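Asker: Got a file for you: data_11.cif, mmCIF, N, CA and C atoms.
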data_run
#
loop_
_atom_site.label_atom_id
_atom_site.label_comp_id
_atom_site.auth_asym_id
_atom_site.auth_seq_id
_atom_site.Cartn_x
_atom_site.Cartn_y
_atom_site.Cartn_z
N MET A 1 134.91 35.73 45.67
CA MET A 1 135.59 36.78 46.41
C MET A 1 136.18 36.16 47.67
N THR A 2 137.47 36.42 47.91
CA THR A 2 138.14 35.82 49.06
C THR A 2 137.85 36.60 50.34
N LEU A 3 138.23 36.00 51.45
CA LEU A 3 138.06 36.64 52.75
C LEU A 3 138.88 37.93 52.83
N ALA A 4 140.08 37.93 52.27
CA ALA A 4 140.92 39.14 52.30
C ALA A 4 140.24 40.30 51.57
N LEU A 5 139.70 40.04 50.39
CA LEU A 5 139.02 41.09 49.64
C LEU A 5 137.77 41.57 50.36
N LEU A 6 137.00 40.64 50.90
CA LEU A 6 135.82 41.03 51.68
C LEU A 6 136.21 41.88 52.89
N THR A 7 137.29 41.50 53.55
CA THR A 7 137.76 42.24 54.73
C THR A 7 138.10 43.68 54.35
N ILE A 8 138.87 43.86 53.28
CA ILE A 8 139.28 45.21 52.88
C ILE A 8 138.09 46.05 52.43
N ARG A 9 137.19 45.47 51.67
CA ARG A 9 135.99 46.22 51.24
C ARG A 9 135.18 46.65 52.47
N ASP A 10 135.04 45.75 53.43
CA ASP A 10 134.32 46.05 54.66
C ASP A 10 135.04 47.13 55.48
N LEU A 11 136.37 47.07 55.50
CA LEU A 11 137.14 48.07 56.25
C LEU A 11 136.93 49.47 55.70
N TYR A 12 136.96 49.61 54.39
CA TYR A 12 136.76 50.94 53.79
C TYR A 12 135.34 51.44 54.07
N ALA A 13 134.36 50.57 53.99
CA ALA A 13 132.97 50.96 54.29
C ALA A 13 132.85 51.38 55.76
N SER A 14 133.48 50.64 56.65
CA SER A 14 133.43 50.97 58.08
C SER A 14 134.13 52.28 58.36
N MET A 15 135.31 52.48 57.76
CA MET A 15 136.05 53.72 58.00
C MET A 15 135.27 54.91 57.47
N GLU A 16 134.57 54.73 56.36
CA GLU A 16 133.74 55.79 55.80
C GLU A 16 132.67 56.24 56.79
N GLN A 17 132.22 55.32 57.63
CA GLN A 17 131.22 55.62 58.66
C GLN A 17 131.86 56.08 59.96
N GLY A 18 133.19 56.22 59.96
CA GLY A 18 133.90 56.69 61.15
C GLY A 18 134.30 55.60 62.12
N ASN A 19 134.15 54.34 61.72
CA ASN A 19 134.47 53.21 62.59
C ASN A 19 135.80 52.60 62.18
N ILE A 20 136.87 52.88 62.94
CA ILE A 20 138.16 52.29 62.61
C ILE A 20 138.45 51.07 63.49
N GLY A 21 137.51 50.71 64.33
CA GLY A 21 137.68 49.54 65.21
C GLY A 21 137.90 48.26 64.45
N LYS A 22 137.19 48.08 63.34
CA LYS A 22 137.37 46.86 62.54
C LYS A 22 138.78 46.79 61.96
N LEU A 23 139.33 47.94 61.61
CA LEU A 23 140.70 47.97 61.09
C LEU A 23 141.68 47.48 62.15
N VAL A 24 141.54 47.97 63.35
CA VAL A 24 142.44 47.58 64.44
C VAL A 24 142.40 46.08 64.66
N ILE A 25 141.23 45.50 64.62
CA ILE A 25 141.08 44.06 64.84
C ILE A 25 141.73 43.25 63.72
N ALA A 26 141.68 43.75 62.48
CA ALA A 26 142.20 42.99 61.33
C ALA A 26 143.72 43.05 61.20
N LEU A 27 144.37 43.94 61.95
CA LEU A 27 145.82 44.12 61.83
C LEU A 27 146.59 43.08 62.62
N ASP A 28 147.67 42.59 62.03
CA ASP A 28 148.62 41.76 62.75
C ASP A 28 149.34 42.64 63.77
N ASP A 29 149.75 42.07 64.89
CA ASP A 29 150.44 42.86 65.92
C ASP A 29 151.68 43.58 65.38
N GLY A 30 152.40 42.94 64.49
CA GLY A 30 153.63 43.51 63.95
C GLY A 30 153.47 44.09 62.56
N VAL A 31 152.29 44.60 62.23
CA VAL A 31 152.01 45.12 60.89
C VAL A 31 153.04 46.19 60.50
N TRP A 32 153.46 46.15 59.24
CA TRP A 32 154.36 47.17 58.70
C TRP A 32 153.54 48.18 57.92
N VAL A 33 153.87 49.46 58.09
CA VAL A 33 153.23 50.54 57.37
C VAL A 33 154.32 51.26 56.57
N TYR A 34 154.11 51.33 55.26
CA TYR A 34 155.07 51.99 54.38
C TYR A 34 154.41 53.20 53.74
N THR A 35 155.03 54.36 53.92
CA THR A 35 154.50 55.59 53.33
C THR A 35 155.63 56.61 53.20
N ALA A 36 155.34 57.69 52.52
CA ALA A 36 156.34 58.74 52.32
C ALA A 36 156.81 59.30 53.66
N GLN A 37 158.04 59.75 53.70
CA GLN A 37 158.63 60.28 54.93
C GLN A 37 157.81 61.42 55.51
N CYS A 38 157.32 62.32 54.65
CA CYS A 38 156.54 63.45 55.14
C CYS A 38 155.22 63.02 55.78
N MET A 39 154.75 61.82 55.44
CA MET A 39 153.50 61.30 55.99
C MET A 39 153.76 60.41 57.21
N GLY A 40 154.97 60.43 57.72
CA GLY A 40 155.31 59.65 58.91
C GLY A 40 156.34 58.58 58.65
N GLY A 41 156.60 58.28 57.39
CA GLY A 41 157.61 57.29 57.05
C GLY A 41 157.19 55.88 57.41
N ASN A 42 158.08 54.95 57.19
CA ASN A 42 157.81 53.54 57.46
C ASN A 42 157.80 53.28 58.95
N ARG A 43 156.83 52.50 59.40
CA ARG A 43 156.68 52.19 60.82
C ARG A 43 156.21 50.76 61.00
N ARG A 44 156.46 50.23 62.17
CA ARG A 44 155.98 48.90 62.50
C ARG A 44 155.00 49.02 63.67
N GLY A 45 153.89 48.31 63.55
CA GLY A 45 152.89 48.31 64.61
C GLY A 45 151.64 49.09 64.24
N ARG A 46 150.61 48.87 65.00
CA ARG A 46 149.31 49.50 64.73
C ARG A 46 149.35 51.02 64.75
N GLU A 47 150.23 51.59 65.55
CA GLU A 47 150.29 53.04 65.69
C GLU A 47 150.55 53.72 64.36
N GLY A 48 151.32 53.07 63.48
CA GLY A 48 151.61 53.65 62.17
C GLY A 48 150.37 53.89 61.34
N ILE A 49 149.44 52.98 61.42
CA ILE A 49 148.18 53.15 60.68
C ILE A 49 147.26 54.10 61.43
N LEU A 50 147.22 53.97 62.73
CA LEU A 50 146.30 54.79 63.52
C LEU A 50 146.69 56.27 63.55
N GLN A 51 147.93 56.57 63.20
CA GLN A 51 148.34 57.97 63.10
C GLN A 51 147.91 58.59 61.79
N GLN A 52 147.63 57.77 60.77
CA GLN A 52 147.34 58.30 59.45
C GLN A 52 145.88 58.15 59.03
N VAL A 53 145.32 56.99 59.21
CA VAL A 53 143.98 56.69 58.69
C VAL A 53 142.88 57.62 59.21
N PRO A 54 142.79 57.90 60.50
CA PRO A 54 141.67 58.73 60.98
C PRO A 54 141.57 60.11 60.33
N ALA A 55 142.68 60.65 59.87
CA ALA A 55 142.66 61.99 59.26
C ALA A 55 141.79 62.03 58.02
N PHE A 56 141.65 60.91 57.33
CA PHE A 56 140.86 60.88 56.10
C PHE A 56 139.37 60.66 56.35
N TYR A 57 139.01 60.25 57.53
CA TYR A 57 137.61 59.88 57.79
C TYR A 57 137.00 60.68 58.94
N ARG A 58 137.61 61.77 59.32
CA ARG A 58 137.09 62.60 60.39
C ARG A 58 136.18 63.67 59.79
N PRO A 59 134.93 63.75 60.22
CA PRO A 59 134.01 64.76 59.68
C PRO A 59 134.53 66.17 59.89
N GLY A 60 134.29 67.02 58.92
CA GLY A 60 134.62 68.43 59.06
C GLY A 60 136.02 68.83 58.65
N THR A 61 136.86 67.88 58.23
CA THR A 61 138.22 68.23 57.86
C THR A 61 138.33 68.72 56.42
N GLY A 62 137.35 68.38 55.59
CA GLY A 62 137.42 68.75 54.18
C GLY A 62 138.32 67.83 53.38
N ILE A 63 138.70 66.70 53.97
CA ILE A 63 139.55 65.72 53.29
C ILE A 63 138.88 64.36 53.43
N LYS A 64 138.61 63.71 52.28
CA LYS A 64 137.89 62.45 52.30
C LYS A 64 138.51 61.48 51.30
N LYS A 65 138.76 60.26 51.74
CA LYS A 65 139.36 59.22 50.90
C LYS A 65 138.25 58.35 50.34
N ASN A 66 138.15 58.28 49.01
CA ASN A 66 137.13 57.49 48.33
C ASN A 66 137.77 56.33 47.59
N ALA A 67 137.46 55.12 47.99
CA ALA A 67 137.97 53.92 47.31
C ALA A 67 137.10 53.64 46.09
N ASP A 68 137.71 53.60 44.91
CA ASP A 68 136.96 53.41 43.68
C ASP A 68 137.08 51.99 43.12
N HIS A 69 138.24 51.38 43.26
CA HIS A 69 138.48 50.05 42.68
C HIS A 69 139.26 49.17 43.66
N PHE A 70 138.90 47.91 43.70
CA PHE A 70 139.58 46.91 44.53
C PHE A 70 140.10 45.82 43.60
N VAL A 71 141.39 45.54 43.67
CA VAL A 71 142.01 44.53 42.82
C VAL A 71 142.68 43.51 43.73
N GLU A 72 142.40 42.24 43.46
CA GLU A 72 142.98 41.17 44.27
C GLU A 72 144.05 40.44 43.48
N GLN A 73 145.21 40.27 44.10
CA GLN A 73 146.31 39.54 43.48
C GLN A 73 146.96 38.67 44.56
N GLY A 74 146.58 37.40 44.60
CA GLY A 74 147.11 36.51 45.63
C GLY A 74 146.70 36.98 47.01
N SER A 75 147.69 37.17 47.89
CA SER A 75 147.41 37.64 49.26
C SER A 75 147.48 39.16 49.36
N MET A 76 147.40 39.83 48.22
CA MET A 76 147.51 41.28 48.19
C MET A 76 146.20 41.87 47.64
N ILE A 77 145.74 42.94 48.29
CA ILE A 77 144.57 43.68 47.83
C ILE A 77 145.03 45.10 47.52
N ILE A 78 144.78 45.54 46.29
CA ILE A 78 145.17 46.87 45.85
C ILE A 78 143.91 47.72 45.74
N VAL A 79 143.94 48.87 46.40
CA VAL A 79 142.79 49.78 46.40
C VAL A 79 143.21 51.07 45.70
N LEU A 80 142.45 51.44 44.68
CA LEU A 80 142.72 52.66 43.94
C LEU A 80 141.56 53.62 44.17
N GLY A 81 141.89 54.89 44.29
CA GLY A 81 140.83 55.86 44.50
C GLY A 81 141.33 57.28 44.45
N ASN A 82 140.51 58.17 44.99
CA ASN A 82 140.80 59.59 45.01
C ASN A 82 140.57 60.15 46.40
N ILE A 83 141.39 61.10 46.74
CA ILE A 83 141.20 61.85 47.97
C ILE A 83 140.59 63.18 47.56
N GLN A 84 139.40 63.46 48.06
CA GLN A 84 138.70 64.72 47.76
C GLN A 84 139.13 65.74 48.81
N ILE A 85 139.58 66.88 48.34
CA ILE A 85 140.02 67.95 49.24
C ILE A 85 139.14 69.16 48.99
N THR A 86 138.32 69.49 49.98
CA THR A 86 137.40 70.62 49.86
C THR A 86 137.72 71.71 50.88
N VAL A 87 138.97 71.76 51.28
CA VAL A 87 139.44 72.77 52.23
C VAL A 87 139.37 74.13 51.54
N PRO A 88 138.82 75.16 52.21
CA PRO A 88 138.78 76.49 51.59
C PRO A 88 140.18 76.93 51.16
N GLY A 89 140.29 77.39 49.92
CA GLY A 89 141.57 77.85 49.41
C GLY A 89 142.49 76.74 48.93
N ALA A 90 142.01 75.51 48.89
CA ALA A 90 142.84 74.39 48.45
C ALA A 90 143.18 74.56 46.97
N SER A 91 144.45 74.29 46.65
CA SER A 91 144.88 74.42 45.26
C SER A 91 144.57 73.18 44.44
N ILE A 92 144.19 72.09 45.11
CA ILE A 92 143.80 70.87 44.40
C ILE A 92 142.44 70.43 44.92
N GLY A 93 141.68 69.76 44.09
CA GLY A 93 140.37 69.27 44.51
C GLY A 93 140.37 67.77 44.69
N SER A 94 141.30 67.10 44.00
CA SER A 94 141.33 65.64 44.04
C SER A 94 142.76 65.17 43.86
N MET A 95 143.10 64.09 44.56
CA MET A 95 144.43 63.50 44.46
C MET A 95 144.29 61.99 44.45
N THR A 96 144.91 61.34 43.48
CA THR A 96 144.83 59.88 43.40
C THR A 96 145.66 59.23 44.50
N PHE A 97 145.22 58.02 44.88
CA PHE A 97 145.98 57.22 45.84
C PHE A 97 145.90 55.75 45.44
N VAL A 98 146.85 55.00 45.95
CA VAL A 98 146.86 53.55 45.83
C VAL A 98 147.28 53.01 47.20
N ASP A 99 146.46 52.13 47.77
CA ASP A 99 146.79 51.45 49.02
C ASP A 99 146.99 49.97 48.69
N VAL A 100 148.09 49.40 49.14
CA VAL A 100 148.37 47.99 48.89
C VAL A 100 148.42 47.26 50.23
N TRP A 101 147.45 46.39 50.44
CA TRP A 101 147.31 45.64 51.69
C TRP A 101 147.79 44.21 51.46
N ARG A 102 148.60 43.69 52.39
CA ARG A 102 149.08 42.31 52.29
C ARG A 102 148.60 41.53 53.52
N PHE A 103 148.21 40.30 53.27
CA PHE A 103 147.69 39.43 54.32
C PHE A 103 148.62 38.25 54.57
N GLU A 104 148.73 37.87 55.83
CA GLU A 104 149.40 36.64 56.24
C GLU A 104 148.58 36.04 57.38
N ASN A 105 148.28 34.77 57.27
CA ASN A 105 147.52 34.06 58.30
C ASN A 105 146.22 34.75 58.66
N GLY A 106 145.55 35.34 57.67
CA GLY A 106 144.25 35.95 57.89
C GLY A 106 144.26 37.36 58.44
N ASN A 107 145.45 37.90 58.72
CA ASN A 107 145.55 39.27 59.24
C ASN A 107 146.33 40.15 58.27
N ILE A 108 146.15 41.44 58.40
CA ILE A 108 146.89 42.39 57.57
C ILE A 108 148.31 42.47 58.12
N SER A 109 149.29 42.10 57.28
CA SER A 109 150.69 42.09 57.72
C SER A 109 151.43 43.35 57.29
N SER A 110 150.96 44.00 56.22
CA SER A 110 151.59 45.26 55.81
C SER A 110 150.63 46.04 54.92
N VAL A 111 150.90 47.33 54.86
CA VAL A 111 150.15 48.21 53.95
C VAL A 111 151.11 49.28 53.43
N ASN A 112 151.02 49.53 52.14
CA ASN A 112 151.77 50.61 51.50
C ASN A 112 150.76 51.67 51.09
N PHE A 113 151.01 52.91 51.51
CA PHE A 113 150.16 54.03 51.13
C PHE A 113 150.92 54.87 50.11
N TYR A 114 150.37 55.00 48.91
CA TYR A 114 150.97 55.82 47.86
C TYR A 114 150.02 56.96 47.52
N TYR A 115 150.57 58.18 47.42
CA TYR A 115 149.78 59.35 47.08
C TYR A 115 150.45 60.07 45.91
N ARG A 116 149.65 60.67 45.04
CA ARG A 116 150.22 61.37 43.88
C ARG A 116 151.23 62.42 44.33
N ASP A 117 150.89 63.18 45.36
CA ASP A 117 151.80 64.22 45.86
C ASP A 117 151.72 64.22 47.39
N PRO A 118 152.48 63.34 48.05
CA PRO A 118 152.37 63.23 49.50
C PRO A 118 152.72 64.50 50.26
N GLU A 119 153.65 65.29 49.74
CA GLU A 119 154.02 66.51 50.44
C GLU A 119 152.89 67.53 50.44
N GLU A 120 152.22 67.65 49.32
CA GLU A 120 151.07 68.57 49.25
C GLU A 120 149.93 68.07 50.13
N LEU A 121 149.67 66.76 50.11
CA LEU A 121 148.64 66.19 50.95
C LEU A 121 148.95 66.41 52.43
N TYR A 122 150.20 66.25 52.80
CA TYR A 122 150.62 66.44 54.19
C TYR A 122 150.28 67.85 54.68
N VAL A 123 150.44 68.83 53.82
CA VAL A 123 150.13 70.22 54.20
C VAL A 123 148.67 70.33 54.65
N TYR A 124 147.76 69.72 53.89
CA TYR A 124 146.33 69.77 54.23
C TYR A 124 146.03 68.95 55.49
N LEU A 125 146.63 67.78 55.60
CA LEU A 125 146.38 66.94 56.78
C LEU A 125 146.92 67.61 58.05
N GLU A 126 148.08 68.19 57.95
CA GLU A 126 148.69 68.85 59.11
C GLU A 126 147.84 70.04 59.57
N HIS A 127 147.27 70.75 58.62
CA HIS A 127 146.46 71.92 58.94
C HIS A 127 145.19 71.53 59.71
N PHE A 128 144.65 70.35 59.44
CA PHE A 128 143.39 69.95 60.06
C PHE A 128 143.52 68.82 61.08
N SER A 129 144.75 68.49 61.48
CA SER A 129 144.88 67.40 62.48
C SER A 129 144.78 67.94 63.88
#
Rewrite the structure of this file - the entire thing - as structure tokens.

Answerer:
Amino acid sequence: MTLALLTIRDLYASMEQGNIGKLVIALDDGVWVYTAQCMGGNRRGREGILQQVPAFYRPGTGIKKNADHFVEQGSMIIVLGNIQITVPGASIGSMTFVDVWRFENGNISSVNFYYRDPEELYVYLEHFS
């Protein structure tokens, strides 16, 4: 198991415990964040991740991101999982996601966030942010 894969596995475990500090440390200063426009669109810098990630790991929101599989391909780590939505009146209970993390010089240089239905997910995140 490479350092990149260990880093990403550790990051998801830390975020699950509410600690996003390790994520901030692992990011390159000029990290690129790619996501759907409704979820904030593409951005450069740590702020792009820090605007999105905490929403999935904040207690009491009824929205939780569960990483199920980690796949390593060169300097890229692909994380597949489900977002559990337990918001009262939610029309969906689970939504698949894929996060693609890229490393350069030991730091995270970019991340792509893919969601089955980003517009529907945004509605729930916006309601509880």

Asker: Quick one: residues within 7 Å of stretch 56-67 of chain A, all atoms listed in the file counted, chain neighbours fewer than 3 positions away excluded, as a VMD selection string?

Answerer: chain A and resid 15 to 18 52 to 53 70 79 to 88 128

Asker: Considering only C-alpha atoms, can you say which of A:Ile77, A:Met39, A:Val98, A:Leu50 comes closest to A:Glu120?

Answerer: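 Going through A:Ile77, A:Met39, A:Val98, A:Leu50 one by one, the smallest distance to A:Glu120 is for A:Met39.
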
Asker: Mind checking which residues fall within 7 Å of A:Leu11, counting only C-alpha atoms, ignoring those fewer than 3 positions away in the same chain, and posting them as a list in words?

Answerer: Thr7, Ile8, Ser14, Met15, Lys22 and Leu23 of chain A

Asker: Please produce a file of those selected residues containing N, CA and C atoms, as an mmCIF file, keeping the file's coordinate frame.

Answerer:
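Final output, selection08.cif:
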data_model
loop_
_atom_site.group_PDB
_atom_site.id
_atom_site.type_symbol
_atom_site.label_atom_id
_atom_site.label_comp_id
_atom_site.auth_asym_id
_atom_site.auth_seq_id
_atom_site.Cartn_x
_atom_site.Cartn_y
_atom_site.Cartn_z
ATOM 1 N N THR A 7 137.290 41.500 53.550
ATOM 2 C CA THR A 7 137.760 42.240 54.730
ATOM 3 C C THR A 7 138.100 43.680 54.350
ATOM 4 N N ILE A 8 138.870 43.860 53.280
ATOM 5 C CA ILE A 8 139.280 45.210 52.880
ATOM 6 C C ILE A 8 138.090 46.050 52.430
ATOM 7 N N SER A 14 133.480 50.640 56.650
ATOM 8 C CA SER A 14 133.430 50.970 58.080
ATOM 9 C C SER A 14 134.130 52.280 58.360
ATOM 10 N N MET A 15 135.310 52.480 57.760
ATOM 11 C CA MET A 15 136.050 53.720 58.000
ATOM 12 C C MET A 15 135.270 54.910 57.470
ATOM 13 N N LYS A 22 137.190 48.080 63.340
ATOM 14 C CA LYS A 22 137.370 46.860 62.540
ATOM 15 C C LYS A 22 138.780 46.790 61.960
ATOM 16 N N LEU A 23 139.330 47.940 61.610
ATOM 17 C CA LEU A 23 140.700 47.970 61.090
ATOM 18 C C LEU A 23 141.680 47.480 62.150
#

Asker: For the strand (DSSP E or B) assignment from backbone DSSP, which residues of stretch 20-106 of chain A qualify? Please present them as a ChimeraX atom specification.

Answerer: /A:27-34,43-44,63-73,76-85,94-104

Asker: Exactly which residues make up the result of the PyMOL selection byres ((chain A and resi 44) around 8) on this file, given as a ChimeraX atom specification?

Answerer: /A:29-34,41-43,45-49

Asker: Between A:Ile78, A:Cys38, A:Leu121, A:Ile108, which residue has the minimum interatomic distance to A:Ala26, considering only C-alpha atoms?

Answerer: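 Checking each of A:Ile78, A:Cys38, A:Leu121, A:Ile108 against A:Ala26, counting only C-alpha atoms, the winner is A:Ile108.
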
Asker: Run DSSP on the backbone and grab whatever in chain A lands in helix (DSSP H, G or I); send it over as a VMD selection string.

Answerer: chain A and resid 3 to 16 21 to 26 37 to 39 46 to 50 53 to 56 118 to 128

Asker: Would you mind reading off the distance between atom N of A:Ala90 and atom CA of A:Tyr122, one decimal, in Å?

Answerer: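 Atom CA of A:Tyr122 lies 13.6 Å from atom N of A:Ala90.
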
Asker: Taking all heavy atoms as the atom set, what does stretch 22-32 of chain A look like once completed, written as a PDB file, keeping the file's coordinate frame?

Answerer:
ATOM      1  N   LYS A  22     137.190  48.080  63.340  1.00  0.00           N
ATOM      2  CA  LYS A  22     137.370  46.860  62.540  1.00  0.00           C
ATOM      3  C   LYS A  22     138.780  46.790  61.960  1.00  0.00           C
ATOM      4  O   LYS A  22     139.336  45.711  61.817  1.00  0.00           O
ATOM      5  CB  LYS A  22     136.340  46.795  61.409  1.00  0.00           C
ATOM      6  CG  LYS A  22     134.960  46.461  61.881  1.00  0.00           C
ATOM      7  CD  LYS A  22     134.023  46.277  60.706  1.00  0.00           C
ATOM      8  CE  LYS A  22     132.648  45.863  61.189  1.00  0.00           C
ATOM      9  NZ  LYS A  22     131.743  45.584  60.083  1.00  0.00           N
ATOM     10  N   LEU A  23     139.330  47.940  61.610  1.00  0.00           N
ATOM     11  CA  LEU A  23     140.700  47.970  61.090  1.00  0.00           C
ATOM     12  C   LEU A  23     141.680  47.480  62.150  1.00  0.00           C
ATOM     13  O   LEU A  23     142.529  46.645  61.870  1.00  0.00           O
ATOM     14  CB  LEU A  23     141.063  49.393  60.642  1.00  0.00           C
ATOM     15  CG  LEU A  23     142.508  49.618  60.209  1.00  0.00           C
ATOM     16  CD1 LEU A  23     142.860  48.755  59.005  1.00  0.00           C
ATOM     17  CD2 LEU A  23     142.750  51.087  59.911  1.00  0.00           C
ATOM     18  N   VAL A  24     141.540  47.970  63.350  1.00  0.00           N
ATOM     19  CA  VAL A  24     142.440  47.580  64.440  1.00  0.00           C
ATOM     20  C   VAL A  24     142.400  46.080  64.660  1.00  0.00           C
ATOM     21  O   VAL A  24     143.455  45.436  64.816  1.00  0.00           O
ATOM     22  CB  VAL A  24     142.087  48.348  65.738  1.00  0.00           C
ATOM     23  CG1 VAL A  24     142.908  47.847  66.908  1.00  0.00           C
ATOM     24  CG2 VAL A  24     142.284  49.841  65.538  1.00  0.00           C
ATOM     25  N   ILE A  25     141.230  45.500  64.620  1.00  0.00           N
ATOM     26  CA  ILE A  25     141.080  44.060  64.840  1.00  0.00           C
ATOM     27  C   ILE A  25     141.730  43.250  63.720  1.00  0.00           C
ATOM     28  O   ILE A  25     142.303  42.186  63.966  1.00  0.00           O
ATOM     29  CB  ILE A  25     139.581  43.690  64.978  1.00  0.00           C
ATOM     30  CG1 ILE A  25     139.016  44.296  66.253  1.00  0.00           C
ATOM     31  CG2 ILE A  25     139.367  42.191  64.949  1.00  0.00           C
ATOM     32  CD1 ILE A  25     137.506  44.250  66.352  1.00  0.00           C
ATOM     33  N   ALA A  26     141.680  43.750  62.480  1.00  0.00           N
ATOM     34  CA  ALA A  26     142.200  42.990  61.330  1.00  0.00           C
ATOM     35  C   ALA A  26     143.720  43.050  61.200  1.00  0.00           C
ATOM     36  O   ALA A  26     144.306  42.285  60.443  1.00  0.00           O
ATOM     37  CB  ALA A  26     141.568  43.524  60.050  1.00  0.00           C
ATOM     38  N   LEU A  27     144.370  43.940  61.950  1.00  0.00           N
ATOM     39  CA  LEU A  27     145.820  44.120  61.830  1.00  0.00           C
ATOM     40  C   LEU A  27     146.590  43.080  62.620  1.00  0.00           C
ATOM     41  O   LEU A  27     146.247  42.761  63.751  1.00  0.00           O
ATOM     42  CB  LEU A  27     146.221  45.507  62.330  1.00  0.00           C
ATOM     43  CG  LEU A  27     145.663  46.701  61.582  1.00  0.00           C
ATOM     44  CD1 LEU A  27     146.007  47.983  62.325  1.00  0.00           C
ATOM     45  CD2 LEU A  27     146.169  46.741  60.154  1.00  0.00           C
ATOM     46  N   ASP A  28     147.670  42.590  62.030  1.00  0.00           N
ATOM     47  CA  ASP A  28     148.620  41.760  62.750  1.00  0.00           C
ATOM     48  C   ASP A  28     149.340  42.640  63.770  1.00  0.00           C
ATOM     49  O   ASP A  28     149.522  43.842  63.533  1.00  0.00           O
ATOM     50  CB  ASP A  28     149.623  41.168  61.742  1.00  0.00           C
ATOM     51  CG  ASP A  28     150.593  40.221  62.401  1.00  0.00           C
ATOM     52  OD1 ASP A  28     150.193  39.076  62.672  1.00  0.00           O
ATOM     53  OD2 ASP A  28     151.750  40.635  62.655  1.00  0.00           O
ATOM     54  N   ASP A  29     149.750  42.070  64.890  1.00  0.00           N
ATOM     55  CA  ASP A  29     150.440  42.860  65.920  1.00  0.00           C
ATOM     56  C   ASP A  29     151.680  43.580  65.380  1.00  0.00           C
ATOM     57  O   ASP A  29     151.973  44.696  65.768  1.00  0.00           O
ATOM     58  CB  ASP A  29     150.842  41.978  67.096  1.00  0.00           C
ATOM     59  CG  ASP A  29     149.644  41.519  67.911  1.00  0.00           C
ATOM     60  OD1 ASP A  29     148.606  42.208  67.889  1.00  0.00           O
ATOM     61  OD2 ASP A  29     149.744  40.459  68.564  1.00  0.00           O
ATOM     62  N   GLY A  30     152.400  42.940  64.490  1.00  0.00           N
ATOM     63  CA  GLY A  30     153.630  43.510  63.950  1.00  0.00           C
ATOM     64  C   GLY A  30     153.470  44.090  62.560  1.00  0.00           C
ATOM     65  O   GLY A  30     154.418  44.089  61.774  1.00  0.00           O
ATOM     66  N   VAL A  31     152.290  44.600  62.230  1.00  0.00           N
ATOM     67  CA  VAL A  31     152.010  45.120  60.890  1.00  0.00           C
ATOM     68  C   VAL A  31     153.040  46.190  60.500  1.00  0.00           C
ATOM     69  O   VAL A  31     153.485  46.969  61.338  1.00  0.00           O
ATOM     70  CB  VAL A  31     150.574  45.696  60.813  1.00  0.00           C
ATOM     71  CG1 VAL A  31     150.392  46.895  61.729  1.00  0.00           C
ATOM     72  CG2 VAL A  31     150.191  46.025  59.382  1.00  0.00           C
ATOM     73  N   TRP A  32     153.460  46.150  59.240  1.00  0.00           N
ATOM     74  CA  TRP A  32     154.360  47.170  58.700  1.00  0.00           C
ATOM     75  C   TRP A  32     153.540  48.180  57.920  1.00  0.00           C
ATOM     76  O   TRP A  32     152.641  47.823  57.167  1.00  0.00           O
ATOM     77  CB  TRP A  32     155.380  46.540  57.758  1.00  0.00           C
ATOM     78  CG  TRP A  32     156.549  45.948  58.467  1.00  0.00           C
ATOM     79  CD1 TRP A  32     156.732  44.628  58.776  1.00  0.00           C
ATOM     80  CD2 TRP A  32     157.685  46.637  58.977  1.00  0.00           C
ATOM     81  NE1 TRP A  32     157.920  44.461  59.436  1.00  0.00           N
ATOM     82  CE2 TRP A  32     158.529  45.685  59.571  1.00  0.00           C
ATOM     83  CE3 TRP A  32     158.070  47.970  58.988  1.00  0.00           C
ATOM     84  CZ2 TRP A  32     159.741  46.018  60.170  1.00  0.00           C
ATOM     85  CZ3 TRP A  32     159.278  48.315  59.584  1.00  0.00           C
ATOM     86  CH2 TRP A  32     160.094  47.340  60.160  1.00  0.00           C
TER      87      TRP A  32
END
